[in-house]
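See below for work-v4.pdb, which holds PDB, C-alpha atoms, pLDDT in the B column.
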```
ATOM      1  CA  GLN K 787     108.584 105.729 110.756  1.00 82.00           C
ATOM      2  CA  VAL K 788     105.818 103.214 110.449  1.00 91.00           C
ATOM      3  CA  GLN K 789     105.135 100.318 108.112  1.00 94.00           C
ATOM      4  CA  LEU K 790     101.565  99.341 107.282  1.00 96.00           C
ATOM      5  CA  VAL K 791     100.264  95.931 106.232  1.00 97.00           C
ATOM      6  CA  GLU K 792      96.632  95.420 105.215  1.00 97.00           C
ATOM      7  CA  SER K 793      94.717  92.156 105.365  1.00 97.00           C
ATOM      8  CA  GLY K 794      91.167  90.896 105.246  1.00 98.00           C
ATOM      9  CA  GLY K 795      90.277  91.519 101.635  1.00 97.00           C
ATOM     10  CA  GLY K 796      88.535  88.944  99.501  1.00 97.00           C
ATOM     11  CA  LEU K 797      85.530  88.063  97.396  1.00 98.00           C
ATOM     12  CA  VAL K 798      82.077  88.657  98.843  1.00 98.00           C
ATOM     13  CA  GLN K 799      78.552  88.783  97.473  1.00 98.00           C
ATOM     14  CA  ALA K 800      76.626  92.010  97.338  1.00 98.00           C
ATOM     15  CA  GLY K 801      75.029  92.723 100.686  1.00 98.00           C
ATOM     16  CA  GLY K 802      77.774  90.916 102.546  1.00 98.00           C
ATOM     17  CA  SER K 803      80.384  92.174 104.972  1.00 98.00           C
ATOM     18  CA  LEU K 804      84.153  92.258 105.307  1.00 98.00           C
ATOM     19  CA  THR K 805      86.518  93.649 107.896  1.00 98.00           C
ATOM     20  CA  LEU K 806      89.869  94.974 106.761  1.00 98.00           C
ATOM     21  CA  SER K 807      92.782  95.250 109.157  1.00 98.00           C
ATOM     22  CA  CYS K 808      95.885  97.387 108.933  1.00 97.00           C
ATOM     23  CA  ALA K 809      98.750  96.415 111.202  1.00 97.00           C
ATOM     24  CA  ALA K 810     101.357  99.069 111.903  1.00 96.00           C
ATOM     25  CA  SER K 811     104.904  98.649 113.058  1.00 93.00           C
ATOM     26  CA  GLY K 812     106.532 100.948 115.577  1.00 78.00           C
ATOM     27  CA  ARG K 813     105.813 101.977 119.135  1.00 75.00           C
ATOM     28  CA  THR K 814     104.248 105.391 118.515  1.00 84.00           C
ATOM     29  CA  PHE K 815     101.238 104.450 116.432  1.00 88.00           C
ATOM     30  CA  SER K 816      99.001 106.448 118.740  1.00 91.00           C
ATOM     31  CA  SER K 817     100.701 109.577 117.357  1.00 93.00           C
ATOM     32  CA  TYR K 818      99.422 108.913 113.841  1.00 95.00           C
ATOM     33  CA  THR K 819      96.237 109.950 112.139  1.00 96.00           C
ATOM     34  CA  VAL K 820      94.968 107.153 109.882  1.00 97.00           C
ATOM     35  CA  GLY K 821      92.848 106.720 106.820  1.00 98.00           C
ATOM     36  CA  TRP K 822      91.508 104.208 104.327  1.00 98.00           C
ATOM     37  CA  PHE K 823      91.498 104.861 100.594  1.00 98.00           C
ATOM     38  CA  ARG K 824      90.526 102.735  97.624  1.00 98.00           C
ATOM     39  CA  GLN K 825      91.318 102.527  93.944  1.00 98.00           C
ATOM     40  CA  ALA K 826      89.120 100.803  91.399  1.00 97.00           C
ATOM     41  CA  PRO K 827      90.477  99.718  87.993  1.00 93.00           C
ATOM     42  CA  GLY K 828      90.865 102.683  85.698  1.00 95.00           C
ATOM     43  CA  LYS K 829      89.986 105.180  88.422  1.00 97.00           C
ATOM     44  CA  GLU K 830      91.919 107.456  90.717  1.00 97.00           C
ATOM     45  CA  ARG K 831      92.546 106.604  94.334  1.00 98.00           C
ATOM     46  CA  GLU K 832      89.775 107.988  96.509  1.00 98.00           C
ATOM     47  CA  PHE K 833      89.155 108.666 100.146  1.00 98.00           C
ATOM     48  CA  VAL K 834      87.028 106.210 102.117  1.00 98.00           C
ATOM     49  CA  ALA K 835      87.377 106.941 105.840  1.00 98.00           C
ATOM     50  CA  ALA K 836      89.692 108.569 108.365  1.00 98.00           C
ATOM     51  CA  MET K 837      90.198 108.581 112.111  1.00 98.00           C
ATOM     52  CA  SER K 838      92.173 110.903 114.349  1.00 97.00           C
ATOM     53  CA  ARG K 839      94.967 109.739 116.617  1.00 95.00           C
ATOM     54  CA  SER K 840      92.623 110.158 119.569  1.00 92.00           C
ATOM     55  CA  GLY K 841      89.976 107.999 117.938  1.00 93.00           C
ATOM     56  CA  TYR K 842      87.311 110.579 118.733  1.00 95.00           C
ATOM     57  CA  SER K 843      87.124 112.173 115.283  1.00 97.00           C
ATOM     58  CA  THR K 844      86.105 110.306 112.164  1.00 98.00           C
ATOM     59  CA  SER K 845      85.296 111.215 108.598  1.00 98.00           C
ATOM     60  CA  TYR K 846      83.622 109.200 105.850  1.00 98.00           C
ATOM     61  CA  ALA K 847      83.124 109.558 102.130  1.00 98.00           C
ATOM     62  CA  ASP K 848      79.473 109.953 101.231  1.00 98.00           C
ATOM     63  CA  PRO K 849      79.215 106.649  99.273  1.00 98.00           C
ATOM     64  CA  VAL K 850      80.209 104.621 102.343  1.00 98.00           C
ATOM     65  CA  LYS K 851      78.597 106.649 105.108  1.00 98.00           C
ATOM     66  CA  GLY K 852      76.328 104.470 107.200  1.00 97.00           C
ATOM     67  CA  ARG K 853      77.811 101.251 105.787  1.00 98.00           C
ATOM     68  CA  PHE K 854      81.509 101.422 106.709  1.00 98.00           C
ATOM     69  CA  THR K 855      83.042 101.985 110.137  1.00 98.00           C
ATOM     70  CA  ILE K 856      86.653 102.872 110.848  1.00 98.00           C
ATOM     71  CA  SER K 857      88.167 102.031 114.212  1.00 98.00           C
ATOM     72  CA  ARG K 858      91.573 101.647 115.803  1.00 97.00           C
ATOM     73  CA  ASP K 859      93.185  99.778 118.645  1.00 95.00           C
ATOM     74  CA  ASN K 860      96.348 101.643 119.567  1.00 92.00           C
ATOM     75  CA  ALA K 861      97.377  98.907 122.004  1.00 92.00           C
ATOM     76  CA  LYS K 862      97.478  96.507 119.052  1.00 94.00           C
ATOM     77  CA  ASN K 863      98.799  99.085 116.548  1.00 95.00           C
ATOM     78  CA  THR K 864      95.900  98.195 114.274  1.00 96.00           C
ATOM     79  CA  VAL K 865      93.297 100.080 112.270  1.00 97.00           C
ATOM     80  CA  TYR K 866      90.110  98.413 111.072  1.00 98.00           C
ATOM     81  CA  LEU K 867      87.544  99.078 108.392  1.00 98.00           C
ATOM     82  CA  GLN K 868      84.266  97.265 108.940  1.00 98.00           C
ATOM     83  CA  MET K 869      82.368  97.159 105.658  1.00 98.00           C
ATOM     84  CA  ASN K 870      78.683  96.199 105.645  1.00 98.00           C
ATOM     85  CA  SER K 871      76.034  96.105 102.925  1.00 98.00           C
ATOM     86  CA  LEU K 872      78.729  95.862 100.304  1.00 98.00           C
ATOM     87  CA  LYS K 873      77.932  96.822  96.731  1.00 98.00           C
ATOM     88  CA  PRO K 874      79.651  95.903  93.459  1.00 97.00           C
ATOM     89  CA  GLU K 875      80.825  99.505  93.194  1.00 97.00           C
ATOM     90  CA  ASP K 876      82.853  98.978  96.376  1.00 98.00           C
ATOM     91  CA  THR K 877      85.152  96.693  94.394  1.00 98.00           C
ATOM     92  CA  ALA K 878      88.664  98.123  94.595  1.00 98.00           C
ATOM     93  CA  VAL K 879      92.092  97.780  96.121  1.00 98.00           C
ATOM     94  CA  TYR K 880      91.878  99.216  99.617  1.00 98.00           C
ATOM     95  CA  TYR K 881      94.851 101.033 101.099  1.00 98.00           C
ATOM     96  CA  CYS K 882      95.625 101.976 104.664  1.00 98.00           C
ATOM     97  CA  ALA K 883      97.461 105.257 105.211  1.00 98.00           C
ATOM     98  CA  ALA K 884      98.936 107.067 108.183  1.00 97.00           C
ATOM     99  CA  ASP K 885     100.828 110.180 109.108  1.00 96.00           C
ATOM    100  CA  ARG K 886     102.296 111.507 112.300  1.00 94.00           C
ATOM    101  CA  THR K 887     100.536 114.509 113.796  1.00 91.00           C
ATOM    102  CA  SER K 888     100.607 116.529 116.980  1.00 89.00           C
ATOM    103  CA  MET K 889      96.874 117.229 116.730  1.00 89.00           C
ATOM    104  CA  TYR K 890      94.731 114.774 118.664  1.00 89.00           C
ATOM    105  CA  ASP K 891      91.580 115.257 116.610  1.00 92.00           C
ATOM    106  CA  PHE K 892      93.000 115.797 113.131  1.00 93.00           C
ATOM    107  CA  THR K 893      91.595 113.842 110.197  1.00 95.00           C
ATOM    108  CA  SER K 894      92.198 114.311 106.500  1.00 96.00           C
ATOM    109  CA  ARG K 895      90.593 113.209 103.230  1.00 97.00           C
ATOM    110  CA  ARG K 896      93.598 114.271 101.206  1.00 96.00           C
ATOM    111  CA  ILE K 897      96.041 111.714  99.826  1.00 97.00           C
ATOM    112  CA  SER K 898      98.867 114.225 100.111  1.00 96.00           C
ATOM    113  CA  GLU K 899      98.427 114.424 103.895  1.00 95.00           C
ATOM    114  CA  TYR K 900      99.556 110.835 104.379  1.00 97.00           C
ATOM    115  CA  GLY K 901     103.199 109.887 104.207  1.00 96.00           C
ATOM    116  CA  TYR K 902     102.888 106.182 104.914  1.00 96.00           C
ATOM    117  CA  TRP K 903     100.930 103.655 102.872  1.00 97.00           C
ATOM    118  CA  GLY K 904     100.294  99.950 102.904  1.00 97.00           C
ATOM    119  CA  GLN K 905     100.530  97.721  99.861  1.00 97.00           C
ATOM    120  CA  GLY K 906      96.766  97.367  99.510  1.00 97.00           C
ATOM    121  CA  THR K 907      94.281  94.529  99.755  1.00 98.00           C
ATOM    122  CA  GLN K 908      91.788  93.551  97.048  1.00 98.00           C
ATOM    123  CA  VAL K 909      88.071  93.651  97.786  1.00 98.00           C
ATOM    124  CA  THR K 910      85.759  92.224  95.144  1.00 98.00           C
ATOM    125  CA  VAL K 911      81.988  92.399  95.500  1.00 98.00           C
ATOM    126  CA  SER K 912      79.983  90.217  93.142  1.00 97.00           C
ATOM    127  CA  SER K 913      76.439  91.042  92.094  1.00 93.00           C
TER
END
```

What does this structure look like when you write it as structure tokens?
Amino acid sequence: QVQLVESGGGLVQAGGSLTLSCAASGRTFSSYTVGWFRQAPGKEREFVAAMSRSGYSTSYADPVKGRFTISRDNAKNTVYLQMNSLKPEDTAVYYCAADRTSMYDFTSRRISEYGYWGQGTQVTVSS
């Protein structure tokens, strides 16, 4: 099992940047595919970005493509989400998710594919 703890959220002006971190417990984090999701008030949780356990495969939602970058450091058991050119519509609670997989290059946009979730970190972008 793995426990996930996000950090790095906060208040930022439109056009600014933030980097979210997701620290994972356990010694087999490199066996997990990871993803970032977000949930705005009154809306359903949605996919943001995903990265395979190998780190070679990534996937991004269209609204964040070209602005957000997902990365991971398996030696530090940490996943990152670099967010640039932030917009007010990026305001949401951001969640880190992970699931164990045997496939090195597997990524998923589906919430149901992830068995482990963090508690979320608030990102607020002011106009």

Legend entry - Option closest in space to K:Ala810, from K:Arg831, K:Ala836, K:Ser898, K:Leu790 [counting all atoms listed in the file]: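 Among the listed residues, K:Leu790 lies closest to K:Ala810.
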
Inset, instruction - Please measure the separation of atom CA of K:Gly794 and atom CA of K:Thr814, giving the value in Å to one decimal. - result: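 Separation of atom CA of K:Gly794 and atom CA of K:Thr814: 23.6 Å.
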
Legend entry - Between atom CA of K:Thr855 and atom CA of K:Met869 - distance in Å to one decimal: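 Atom-to-atom, atom CA of K:Met869 to atom CA of K:Thr855, that is 6.6 Å.
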
Taking all listed atoms of stretch 819-833 of chain K, build the axis-aligned box, pad each of the six sides by 6 Å, then write its centre and edge lengths in Å to one decimal as lines of an AutoDock Vina configuration file.
```
center_x = 92.7
center_y = 104.8
center_z = 98.9
size_x = 19.1
size_y = 22.2
size_z = 38.4
```

Inset, instruction - Starting from the displayed file, determine the output of the PyMOL selection byres ((chain K and resi 787) around 12) and express the residue list as a list in words. - result: Val788, Gln789, Leu790, Ala810, Ser811, Gly812, Arg813, Thr814, Phe815, Ser817, Tyr818, Ala884, Asp885, Arg886, Gly901, Tyr902 and Trp903 of chain K

Inset, instruction - Go through K:Thr805, K:Ser816, K:Gln799, K:Gln905 and flag the residue nearest K:Thr877, using all atoms listed in the file for the distances. - result: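 When distances to K:Thr877 are compared using all atoms listed in the file, the smallest one comes from K:Gln799.
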